[in-house]
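Structure file input14.cif (mmCIF, C-alpha atoms and all ligand atoms) is printed below.
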data_entry
loop_
_atom_site.group_PDB
_atom_site.id
_atom_site.type_symbol
_atom_site.label_atom_id
_atom_site.label_comp_id
_atom_site.auth_asym_id
_atom_site.auth_seq_id
_atom_site.Cartn_x
_atom_site.Cartn_y
_atom_site.Cartn_z
ATOM 1 C CA MET A 471 -22.314 8.687 -9.382
ATOM 2 C CA ASN A 472 -19.361 10.559 -7.885
ATOM 3 C CA THR A 473 -16.045 8.812 -8.145
ATOM 4 C CA ARG A 474 -14.284 8.126 -4.897
ATOM 5 C CA LYS A 475 -11.554 10.644 -4.054
ATOM 6 C CA ILE A 476 -8.348 9.036 -2.864
ATOM 7 C CA ILE A 477 -4.799 9.851 -1.842
ATOM 8 C CA LEU A 478 -2.328 7.007 -2.266
ATOM 9 C CA ASP A 479 0.541 6.917 0.218
ATOM 10 C CA CYS A 480 3.218 4.425 -0.847
ATOM 11 C CA ASP A 481 6.853 3.278 -0.872
ATOM 12 C CA PRO A 482 7.479 1.779 -4.355
ATOM 13 C CA GLY A 483 8.316 -1.127 -4.329
ATOM 14 C CA HIS A 484 7.208 -3.613 -7.016
ATOM 15 C CA ASP A 485 3.718 -4.192 -5.649
ATOM 16 C CA ASP A 486 3.254 -0.475 -4.869
ATOM 17 C CA ALA A 487 4.009 0.189 -8.541
ATOM 18 C CA ILE A 488 1.079 -2.007 -9.575
ATOM 19 C CA ALA A 489 -1.168 -0.238 -7.038
ATOM 20 C CA ILE A 490 -0.231 3.087 -8.675
ATOM 21 C CA LEU A 491 -0.906 1.544 -12.085
ATOM 22 C CA LEU A 492 -4.415 0.469 -11.062
ATOM 23 C CA ALA A 493 -5.268 3.768 -9.346
ATOM 24 C CA GLY A 494 -3.870 6.161 -11.946
ATOM 25 C CA ASN A 495 -5.998 7.366 -14.865
ATOM 26 C CA ASN A 496 -8.819 5.143 -13.681
ATOM 27 C CA PRO A 497 -12.247 6.655 -14.428
ATOM 28 C CA LYS A 498 -13.686 4.834 -11.417
ATOM 29 C CA LEU A 499 -11.384 6.671 -8.970
ATOM 30 C CA ASP A 500 -10.343 10.278 -8.474
ATOM 31 C CA LEU A 501 -6.652 10.037 -7.544
ATOM 32 C CA LEU A 502 -5.886 13.430 -5.970
ATOM 33 C CA GLY A 503 -2.209 12.816 -5.376
ATOM 34 C CA ILE A 504 0.468 10.352 -4.393
ATOM 35 C CA THR A 505 2.484 10.774 -1.223
ATOM 36 C CA VAL A 506 5.712 8.907 -0.704
ATOM 37 C CA VAL A 507 7.341 7.418 2.365
ATOM 38 C CA ALA A 508 10.567 5.548 3.059
ATOM 39 C CA GLY A 509 10.018 1.822 3.410
ATOM 40 C CA ASN A 510 11.020 -0.668 0.759
ATOM 41 C CA GLN A 511 13.936 1.666 0.107
ATOM 42 C CA THR A 512 15.129 5.068 1.282
ATOM 43 C CA LEU A 513 12.838 8.035 0.619
ATOM 44 C CA GLU A 514 15.189 9.270 -2.076
ATOM 45 C CA LYS A 515 14.735 5.999 -3.990
ATOM 46 C CA THR A 516 11.000 5.446 -3.364
ATOM 47 C CA GLY A 517 10.462 9.059 -4.492
ATOM 48 C CA ILE A 518 12.374 8.579 -7.758
ATOM 49 C CA ASN A 519 10.542 5.298 -8.360
ATOM 50 C CA THR A 520 7.183 7.059 -7.981
ATOM 51 C CA LEU A 521 8.181 9.747 -10.477
ATOM 52 C CA ASN A 522 9.382 7.093 -12.921
ATOM 53 C CA ILE A 523 6.190 5.029 -12.695
ATOM 54 C CA CYS A 524 3.956 8.094 -13.145
ATOM 55 C CA GLN A 525 6.013 9.445 -16.030
ATOM 56 C CA TYR A 526 5.964 6.090 -17.821
ATOM 57 C CA LEU A 527 2.204 5.640 -17.331
ATOM 58 C CA ASP A 528 1.278 9.328 -17.902
ATOM 59 C CA ILE A 529 -0.255 9.686 -14.472
ATOM 60 C CA ASP A 530 -0.449 13.417 -13.959
ATOM 61 C CA VAL A 531 -1.100 14.027 -10.261
ATOM 62 C CA PRO A 532 0.949 15.786 -7.550
ATOM 63 C CA ILE A 533 3.673 13.563 -6.098
ATOM 64 C CA CYS A 534 4.826 14.679 -2.640
ATOM 65 C CA LEU A 535 7.752 13.440 -0.633
ATOM 66 C CA GLY A 536 7.086 12.644 3.015
ATOM 67 C CA SER A 537 8.917 11.010 5.878
ATOM 68 C CA ALA A 538 12.427 9.682 5.433
ATOM 69 C CA ASN A 539 12.287 7.921 8.795
ATOM 70 C CA PRO A 540 9.786 6.183 11.063
ATOM 71 C CA ILE A 541 8.494 8.117 14.084
ATOM 72 C CA ILE A 542 10.554 6.325 16.749
ATOM 73 C CA LYS A 543 12.528 3.363 15.436
ATOM 74 C CA ASN A 544 15.283 3.405 12.844
ATOM 75 C CA ILE A 545 14.538 2.789 9.180
ATOM 76 C CA GLU A 546 14.762 -0.792 7.893
ATOM 77 C CA ILE A 547 14.505 -1.168 4.125
ATOM 78 C CA CYS A 548 13.466 -4.281 2.165
ATOM 79 C CA ASP A 549 16.129 -4.518 -0.529
ATOM 80 C CA VAL A 550 16.143 -8.332 -0.488
ATOM 81 C CA ILE A 551 12.769 -8.237 -2.248
ATOM 82 C CA HIS A 552 12.783 -4.896 -4.083
ATOM 83 C CA GLY A 553 16.482 -4.585 -4.864
ATOM 84 C CA GLU A 554 19.075 -1.837 -4.810
ATOM 85 C CA THR A 555 16.782 0.711 -6.501
ATOM 86 C CA GLY A 556 13.635 -0.425 -4.709
ATOM 87 C CA LEU A 557 12.190 -1.205 -8.147
ATOM 88 C CA ASP A 558 14.740 -3.434 -9.836
ATOM 89 C CA GLY A 559 13.833 -4.913 -13.217
ATOM 90 C CA PHE A 560 12.816 -2.010 -15.464
ATOM 91 C CA ASP A 561 14.869 0.641 -17.272
ATOM 92 C CA PHE A 562 12.969 3.917 -17.275
ATOM 93 C CA GLU A 563 13.704 6.852 -19.593
ATOM 94 C CA PRO A 564 15.480 9.876 -18.086
ATOM 95 C CA LEU A 565 13.184 11.728 -15.701
ATOM 96 C CA ARG A 566 11.303 14.842 -16.788
ATOM 97 C CA ARG A 567 8.753 14.781 -13.942
ATOM 98 C CA ASP A 568 9.413 16.502 -10.623
ATOM 99 C CA PHE A 569 7.951 16.468 -7.133
ATOM 100 C CA ASP A 570 5.219 18.801 -5.959
ATOM 101 C CA LYS A 571 6.677 21.498 -3.690
ATOM 102 C CA ARG A 572 4.469 20.435 -0.786
ATOM 103 C CA ASN A 573 5.600 17.913 1.789
ATOM 104 C CA ALA A 574 3.370 14.811 2.019
ATOM 105 C CA ILE A 575 2.036 15.782 5.433
ATOM 106 C CA GLU A 576 1.181 19.281 4.250
ATOM 107 C CA PHE A 577 -0.442 17.840 1.120
ATOM 108 C CA ILE A 578 -2.592 15.360 3.051
ATOM 109 C CA VAL A 579 -3.729 17.996 5.578
ATOM 110 C CA GLN A 580 -4.464 20.640 2.962
ATOM 111 C CA THR A 581 -6.195 18.322 0.497
ATOM 112 C CA VAL A 582 -8.376 16.612 3.091
ATOM 113 C CA LYS A 583 -9.373 19.883 4.780
ATOM 114 C CA GLU A 584 -10.214 21.670 1.551
ATOM 115 C CA SER A 585 -12.200 18.848 -0.007
ATOM 116 C CA LYS A 586 -15.976 19.188 -0.205
ATOM 117 C CA GLU A 587 -16.291 15.416 -0.189
ATOM 118 C CA LYS A 588 -14.701 13.011 2.239
ATOM 119 C CA ILE A 589 -11.416 11.499 1.112
ATOM 120 C CA THR A 590 -10.180 7.926 1.331
ATOM 121 C CA ILE A 591 -6.533 7.482 2.230
ATOM 122 C CA VAL A 592 -4.859 4.347 0.930
ATOM 123 C CA THR A 593 -1.545 3.368 2.485
ATOM 124 C CA THR A 594 0.677 0.692 0.991
ATOM 125 C CA GLY A 595 3.803 1.444 3.009
ATOM 126 C CA PRO A 596 4.684 2.342 6.606
ATOM 127 C CA MET A 597 1.941 4.627 7.978
ATOM 128 C CA THR A 598 4.290 7.438 9.031
ATOM 129 C CA ASN A 599 2.949 10.168 6.725
ATOM 130 C CA LEU A 600 -0.676 9.647 7.667
ATOM 131 C CA ALA A 601 0.072 9.384 11.393
ATOM 132 C CA LEU A 602 2.048 12.625 11.316
ATOM 133 C CA ALA A 603 -0.713 14.350 9.338
ATOM 134 C CA ILE A 604 -3.252 13.268 11.967
ATOM 135 C CA LYS A 605 -1.006 14.522 14.772
ATOM 136 C CA TYR A 606 -0.333 17.773 12.930
ATOM 137 C CA ASP A 607 -4.020 18.505 12.436
ATOM 138 C CA PRO A 608 -6.527 16.079 13.978
ATOM 139 C CA MET A 609 -9.358 18.043 12.308
ATOM 140 C CA ILE A 610 -8.637 16.091 9.130
ATOM 141 C CA LEU A 611 -10.170 13.005 10.753
ATOM 142 C CA GLN A 612 -13.622 14.498 10.222
ATOM 143 C CA ASN A 613 -13.114 14.550 6.479
ATOM 144 C CA ILE A 614 -11.525 11.127 5.994
ATOM 145 C CA GLU A 615 -14.001 8.611 4.618
ATOM 146 C CA GLU A 616 -11.870 5.572 5.304
ATOM 147 C CA VAL A 617 -8.262 4.489 5.638
ATOM 148 C CA VAL A 618 -7.553 1.417 3.527
ATOM 149 C CA LEU A 619 -4.190 -0.098 4.281
ATOM 150 C CA MET A 620 -2.072 -2.970 3.152
ATOM 151 C CA GLY A 621 -0.409 -4.099 6.322
ATOM 152 C CA GLY A 622 -0.444 -6.455 9.235
ATOM 153 C CA SER A 623 -1.709 -9.985 9.557
ATOM 154 C CA TYR A 624 -4.005 -11.774 11.961
ATOM 155 C CA ALA A 625 -1.829 -14.868 11.485
ATOM 156 C CA ASN A 626 1.941 -14.812 10.919
ATOM 157 C CA GLY A 627 4.132 -11.955 9.832
ATOM 158 C CA ASN A 628 6.699 -11.709 7.061
ATOM 159 C CA VAL A 629 9.583 -9.968 8.841
ATOM 160 C CA SER A 630 9.165 -11.665 12.191
ATOM 161 C CA PRO A 631 6.857 -14.461 13.347
ATOM 162 C CA ALA A 632 4.554 -11.712 14.580
ATOM 163 C CA ALA A 633 4.872 -8.729 12.288
ATOM 164 C CA GLU A 634 4.296 -7.678 8.699
ATOM 165 C CA PHE A 635 6.751 -5.287 7.021
ATOM 166 C CA ASN A 636 4.630 -2.110 6.745
ATOM 167 C CA ILE A 637 3.482 -2.196 10.356
ATOM 168 C CA PHE A 638 6.841 -3.419 11.649
ATOM 169 C CA SER A 639 8.564 -0.532 9.836
ATOM 170 C CA ASP A 640 6.668 2.027 11.905
ATOM 171 C CA PRO A 641 4.516 0.422 14.614
ATOM 172 C CA GLU A 642 3.955 3.705 16.441
ATOM 173 C CA ALA A 643 2.544 5.296 13.284
ATOM 174 C CA ALA A 644 0.113 2.405 12.819
ATOM 175 C CA TYR A 645 -0.836 2.700 16.508
ATOM 176 C CA ILE A 646 -1.756 6.357 16.006
ATOM 177 C CA VAL A 647 -3.939 5.621 12.975
ATOM 178 C CA PHE A 648 -5.711 2.564 14.426
ATOM 179 C CA ASN A 649 -6.496 4.495 17.602
ATOM 180 C CA SER A 650 -7.748 7.638 15.908
ATOM 181 C CA ASP A 651 -11.440 6.720 15.554
ATOM 182 C CA VAL A 652 -11.205 6.793 11.778
ATOM 183 C CA LYS A 653 -12.707 3.942 9.752
ATOM 184 C CA VAL A 654 -9.836 1.519 9.110
ATOM 185 C CA THR A 655 -9.956 -1.305 6.584
ATOM 186 C CA MET A 656 -6.977 -3.575 7.081
ATOM 187 C CA ILE A 657 -5.837 -5.750 4.199
ATOM 188 C CA GLY A 658 -3.165 -7.973 5.640
ATOM 189 C CA LEU A 659 -1.012 -10.903 4.622
ATOM 190 C CA ASP A 660 -3.918 -13.233 5.397
ATOM 191 C CA VAL A 661 -5.458 -12.299 2.053
ATOM 192 C CA THR A 662 -2.557 -10.835 0.081
ATOM 193 C CA ARG A 663 -0.679 -14.120 0.373
ATOM 194 C CA LYS A 664 -3.484 -15.663 -1.700
ATOM 195 C CA VAL A 665 -2.782 -13.527 -4.776
ATOM 196 C CA LEU A 666 0.472 -14.989 -6.014
ATOM 197 C CA VAL A 667 1.971 -13.830 -9.302
ATOM 198 C CA LEU A 668 2.478 -17.376 -10.530
ATOM 199 C CA PRO A 669 4.094 -17.952 -13.959
ATOM 200 C CA GLU A 670 0.647 -18.501 -15.528
ATOM 201 C CA ILE A 671 -0.453 -15.054 -14.283
ATOM 202 C CA ILE A 672 2.633 -13.482 -15.846
ATOM 203 C CA SER A 673 1.863 -15.232 -19.172
ATOM 204 C CA ARG A 674 -1.768 -14.064 -19.024
ATOM 205 C CA MET A 675 -0.781 -10.425 -18.421
ATOM 206 C CA GLU A 676 2.128 -10.534 -20.890
ATOM 207 C CA LYS A 677 -0.327 -11.343 -23.715
ATOM 208 C CA ILE A 678 -2.070 -7.971 -23.242
ATOM 209 C CA ASN A 679 1.069 -6.362 -24.649
ATOM 210 C CA SER A 680 0.272 -2.797 -23.531
ATOM 211 C CA LYS A 681 2.773 -0.324 -22.084
ATOM 212 C CA ALA A 682 1.396 -1.159 -18.648
ATOM 213 C CA SER A 683 1.630 -4.912 -19.175
ATOM 214 C CA VAL A 684 5.268 -4.605 -20.262
ATOM 215 C CA LEU A 685 6.001 -2.802 -16.985
ATOM 216 C CA PHE A 686 4.024 -5.396 -15.018
ATOM 217 C CA THR A 687 5.754 -8.332 -16.638
ATOM 218 C CA LYS A 688 9.301 -7.055 -16.266
ATOM 219 C CA LEU A 689 8.813 -5.985 -12.651
ATOM 220 C CA MET A 690 7.047 -9.175 -11.645
ATOM 221 C CA LYS A 691 9.790 -11.409 -13.047
ATOM 222 C CA VAL A 692 12.345 -9.816 -10.698
ATOM 223 C CA PHE A 693 9.836 -9.674 -7.824
ATOM 224 C CA ASN A 694 9.204 -13.402 -8.219
ATOM 225 C CA GLU A 695 12.900 -14.296 -8.368
ATOM 226 C CA ASN A 696 13.485 -12.448 -5.092
ATOM 227 C CA GLN A 697 10.365 -13.849 -3.407
ATOM 228 C CA ASN A 698 11.593 -17.282 -4.434
ATOM 229 C CA LYS A 699 15.056 -16.699 -2.952
ATOM 230 C CA VAL A 700 13.722 -15.313 0.347
ATOM 231 C CA PHE A 701 10.469 -17.215 0.924
ATOM 232 C CA GLY A 702 10.725 -20.122 -1.534
ATOM 233 C CA LEU A 703 7.533 -18.980 -3.269
ATOM 234 C CA ALA A 704 6.790 -19.826 -6.929
ATOM 235 C CA GLY A 705 5.028 -16.470 -7.262
ATOM 236 C CA GLY A 706 5.289 -13.302 -5.213
ATOM 237 C CA PRO A 707 2.250 -12.136 -3.216
ATOM 238 C CA LEU A 708 0.931 -9.018 -4.941
ATOM 239 C CA HIS A 709 0.112 -7.297 -1.647
ATOM 240 C CA ASP A 710 -0.450 -3.608 -2.325
ATOM 241 C CA PRO A 711 -2.796 -3.607 -5.356
ATOM 242 C CA VAL A 712 -5.440 -5.407 -3.277
ATOM 243 C CA THR A 713 -6.197 -2.017 -1.651
ATOM 244 C CA ILE A 714 -7.091 -0.407 -4.982
ATOM 245 C CA ALA A 715 -8.862 -3.514 -6.279
ATOM 246 C CA TYR A 716 -11.022 -3.391 -3.135
ATOM 247 C CA LEU A 717 -11.990 0.228 -3.841
ATOM 248 C CA LEU A 718 -12.861 -0.684 -7.411
ATOM 249 C CA ASP A 719 -14.934 -3.682 -6.326
ATOM 250 C CA PRO A 720 -15.509 -4.051 -2.563
ATOM 251 C CA SER A 721 -17.072 -7.468 -3.164
ATOM 252 C CA ILE A 722 -13.610 -8.988 -3.718
ATOM 253 C CA LEU A 723 -13.010 -9.032 0.053
ATOM 254 C CA GLU A 724 -14.796 -10.626 2.945
ATOM 255 C CA LEU A 725 -14.478 -8.205 5.865
ATOM 256 C CA LYS A 726 -15.032 -8.710 9.571
ATOM 257 C CA PRO A 727 -15.272 -5.924 12.169
ATOM 258 C CA VAL A 728 -12.744 -6.627 14.928
ATOM 259 C CA HIS A 729 -10.730 -4.904 17.588
ATOM 260 C CA CYS A 730 -7.127 -4.576 16.441
ATOM 261 C CA ASP A 731 -4.357 -3.626 18.800
ATOM 262 C CA ILE A 732 -0.927 -2.646 17.474
ATOM 263 C CA ASP A 733 1.890 -4.055 19.590
ATOM 264 C CA ILE A 734 4.270 -1.215 20.442
ATOM 265 C CA SER A 735 5.857 -3.038 23.371
ATOM 266 C CA HIS A 736 9.300 -3.379 21.724
ATOM 267 C CA GLY A 737 9.272 -7.097 22.626
ATOM 268 C CA SER A 738 9.331 -10.080 20.289
ATOM 269 C CA SER A 739 5.881 -9.178 18.910
ATOM 270 C CA TYR A 740 6.743 -5.536 18.228
ATOM 271 C CA GLY A 741 4.649 -4.442 15.251
ATOM 272 C CA ARG A 742 2.110 -7.242 15.474
ATOM 273 C CA THR A 743 -1.507 -6.443 14.576
ATOM 274 C CA ASN A 744 -3.370 -8.288 17.324
ATOM 275 C CA CYS A 745 -6.773 -8.874 15.748
ATOM 276 C CA ASP A 746 -9.398 -10.194 18.130
ATOM 277 C CA ILE A 747 -11.311 -12.211 15.557
ATOM 278 C CA PHE A 748 -13.116 -14.253 18.221
ATOM 279 C CA ASP A 749 -13.962 -11.140 20.278
ATOM 280 C CA TYR A 750 -12.331 -12.500 23.426
ATOM 281 C CA MET A 751 -11.757 -9.035 24.826
ATOM 282 C CA HIS A 752 -15.157 -7.443 24.077
ATOM 283 C CA LEU A 753 -13.416 -4.261 23.007
ATOM 284 C CA GLU A 754 -14.676 -1.655 20.586
ATOM 285 C CA LYS A 755 -14.318 -2.769 16.961
ATOM 286 C CA ASN A 756 -11.883 -0.325 15.374
ATOM 287 C CA THR A 757 -11.019 -2.260 12.199
ATOM 288 C CA TYR A 758 -12.656 -3.929 9.229
ATOM 289 C CA LEU A 759 -10.344 -6.873 8.744
ATOM 290 C CA ALA A 760 -9.954 -8.660 5.407
ATOM 291 C CA MET A 761 -10.576 -12.363 6.036
ATOM 292 C CA ASP A 762 -10.793 -13.705 2.499
ATOM 293 C CA ILE A 763 -10.428 -12.628 -1.120
ATOM 294 C CA SER A 764 -11.863 -13.649 -4.462
ATOM 295 C CA THR A 765 -8.604 -14.250 -6.331
ATOM 296 C CA SER A 766 -10.341 -14.613 -9.699
ATOM 297 C CA LYS A 767 -12.050 -11.212 -9.358
ATOM 298 C CA PHE A 768 -8.731 -9.709 -8.255
ATOM 299 C CA TRP A 769 -6.852 -10.918 -11.329
ATOM 300 C CA ASP A 770 -9.676 -9.718 -13.582
ATOM 301 C CA ILE A 771 -9.277 -6.233 -12.084
ATOM 302 C CA VAL A 772 -5.516 -6.322 -12.643
ATOM 303 C CA GLU A 773 -6.027 -7.481 -16.231
ATOM 304 C CA GLU A 774 -8.535 -4.710 -16.883
ATOM 305 C CA GLY A 775 -6.077 -2.159 -15.440
ATOM 306 C CA LEU A 776 -3.293 -3.387 -17.714
ATOM 307 C CA LYS A 777 -5.550 -3.122 -20.751
ATOM 308 C CA ARG A 778 -6.587 0.459 -19.973
HETATM 309 C C1 LIG A 801 4.429 -4.981 2.198
HETATM 310 O O1 LIG A 801 5.827 -4.788 2.395
HETATM 311 C C2 LIG A 801 6.414 -4.241 1.255
HETATM 312 O O2 LIG A 801 7.629 -4.856 0.987
HETATM 313 C C3 LIG A 801 5.416 -4.384 0.134
HETATM 314 O O3 LIG A 801 5.525 -3.304 -0.769
HETATM 315 C C4 LIG A 801 4.088 -4.393 0.847
HETATM 316 O O4 LIG A 801 3.603 -3.088 1.008
HETATM 317 C C5 LIG A 801 4.126 -6.446 2.354
HETATM 318 O O5 LIG A 801 4.486 -6.876 3.614
HETATM 319 CA CA CA A 802 4.518 -1.209 -0.184
#
Represent the structure from my file as structure tokens, please.
Ligand code: BDR
Ligand code: CA
Amino acid sequence: MNTRKIILDCDPGHDDAIAILLAGNNPKLDLLGITVVAGNQTLEKTGINTLNICQYLDIDVPICLGSANPIIKNIEICDVIHGETGLDGFDFEPLRRDFDKRNAIEFIVQTVKESKEKITIVTTGPMTNLALAIKYDPMILQNIEEVVLMGGSYANGNVSPAAEFNIFSDPEAAYIVFNSDVKVTMIGLDVTRKVLVLPEIISRMEKINSKASVLFTKLMKVFNENQNKVFGLAGGPLHDPVTIAYLLDPSILELKPVHCDIDISHGSSYGRTNCDIFDYMHLEKNTYLAMDISTSKFWDIVEEGLKR
């Protein structure tokens, strides 16, 4: 069986780091490259974090810098959760790795167009890079298997009552992707809030005592402290790795086809993912929406990744 070819577009970020960890050097996936966007921190910092993670875990794929700013609005980082570096909590060795010369948009367009098999794009940050790639060359849509994103929520948001951080950070980019006729699988807060890195999860992963589990444990301790300060949670929601876990075992999610409309009205619901789960509007279903998750299967996948 052919392994699924993916490009991971991210903004590390503690939970992005674990998504990279699960996707990299995984025999069940063919990770073609990692593209980076500004989000949890500035592009300069999310880029360095990506290099550091890949160097530490020996993940040898092209890493391409992309957009430093959203398409229309101004950048808003998330340092209250991810800290000054965007990945507070781990001291990496001096960097030897460097970026690929190609810009993220160029990399996505080139890689998707040249591939003999369709490619899945996973986004775990603002969707700016993918939206710009689609605008730059809409022909790529024909060779994208699926877009799997962490973002949005059919219930409440996490940066406003209405909006989740990744969509709120660049609503216009999300609008472009959701309206592009590509297959979209949306993994929102509705399910990622169910996978909390509670202290017992940290203890379970700490026991593995691999290089990867040391990284996991140190990062998650800081992630949890910050999630506790901001949201009062005993364990941080491990949002982004759900995308990769889903590709490794689609049965972890319960999906529902819905129409999803991205609010770009600049009002109080700016950045909301309006998911018509009761089909009030009778509009074309443009999204497979994650409704539920098997948390036990998810943690087994994380554990397996840390052991690899
Ligand atoms: C998303 O926002 C970021 O802070 C996380 O990395 C995740 O991608 C959750 O809302
Ligand atoms: Ca992220």
Exercise. Could you tell me which residues the PyMOL selection byres (((not hetatm)) within 6 of (chain A and resi 802)) grabs in this file, written as an NGL selection string?
Key: :A and (480-483 or 486 or 594-595 or 710)
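When the PyMOL selection byres (((chain A and resi 560-566) around 7) and not hetatm) is run on the displayed coordinates, the residues it returns are A:Asn522, A:Asp558, A:Gly559, A:Arg567, A:Asp568, A:Lys688, A:Leu689.
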Self-check item: Residues matched by the PyMOL selection byres (((chain A and resi 511-521) around 6) and not hetatm), written as a ChimeraX atom specification
Solution: /A:481-482,507-510,522-525,538,547,556
Quiz item: Could you name the residues that touch Lys583 in chain A at 8 Å or less, counting all atoms listed in the file, but leaving out those on the same chain fewer than 2 positions away, as an MDAnalysis selection string?
Solution: chainID A and resid 579:581 585 609:610 613
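Separating CA of Leu501 in chain A from CA of Ile646 in chain A is a distance of 24.3 Å.
Distances from A:Thr662, A:Thr598, A:Thr713, A:Asn544 to Ala493 in chain A were compared using all atoms listed in the file, and the smallest one belongs to A:Thr713.
For the residues A:Ala625, A:Leu776, A:Val531, A:Ile637, ranking by smallest atom-to-atom distance to ligand LIG 801 (chain A) using all atoms listed in the file places A:Ile637 first.
Going from CA of Gly553 in chain A to CA of Asp770 in chain A covers 28.0 Å.
A straight line drawn from CA of Ile671 in chain A to CA of Ile488 in chain A is 14.0 Å long.
Residues with any atom within 6 Å of Lys755 in chain A, counting only C-alpha atoms and excluding same-chain neighbours fewer than 2 positions away, are Pro727, Val728, His729 and Thr757 of chain A.
For the residues A:Val618, A:Ile575, A:Met751, A:Leu491, ranking by smallest atom-to-atom distance to Glu773 in chain A using all atoms listed in the file places A:Leu491 first.
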Could the centre and edge lengths of an axis-aligned box, enclosing all atoms of range 484-499 of chain A in the file with 5 Å extra on each side, be given in Å to one decimal as lines of an AutoDock Vina configuration file?
center_x = -3.2
center_y = 1.6
center_z = -9.9
size_x = 30.9
size_y = 21.6
size_z = 20.0
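Shortest separation to ligand LIG 801 (chain A) among A:Val647, A:Val772, A:Val712, A:Leu725 occurs at residue A:Val712, atoms counted being all atoms listed in the file.
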Quiz prompt | Distance criterion (all atoms listed in the file): nearest to Ile591 in chain A out of A:Met675, A:Ala643, A:Ile477, A:Met690 | solution = A:Ile477
Exercise. Tell me, as a PyMOL selection string, which residues lie within 8 Å of Val665 in chain A, counting only C-alpha atoms; anything in the same chain fewer than 3 positions away does not count.
Key: chain A and resi 661-662+707-709+765+768
Quiz prompt | Minimum-distance residue to Lys664 in chain A, chosen among A:Leu717, A:Asp549, A:Trp769, A:Lys605 (using only C-alpha atoms) | solution = A:Trp769
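Every protein, DNA or RNA residue with an atom at most 9 Å from Lys588 in chain A, where only C-alpha atoms count and chain neighbours fewer than 4 positions away do not, is listed here: Arg474, Lys475, Val582, Gln612, Asn613, Ile614, Glu615 and Glu616 of chain A.
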Quiz item: Contacts of Ile722 in chain A at 8 Å or less, counting all atoms listed in the file, minus same-chain residues fewer than 5 places along, as a ChimeraX atom specification?
Solution: /A:715-716,763-765,767-768
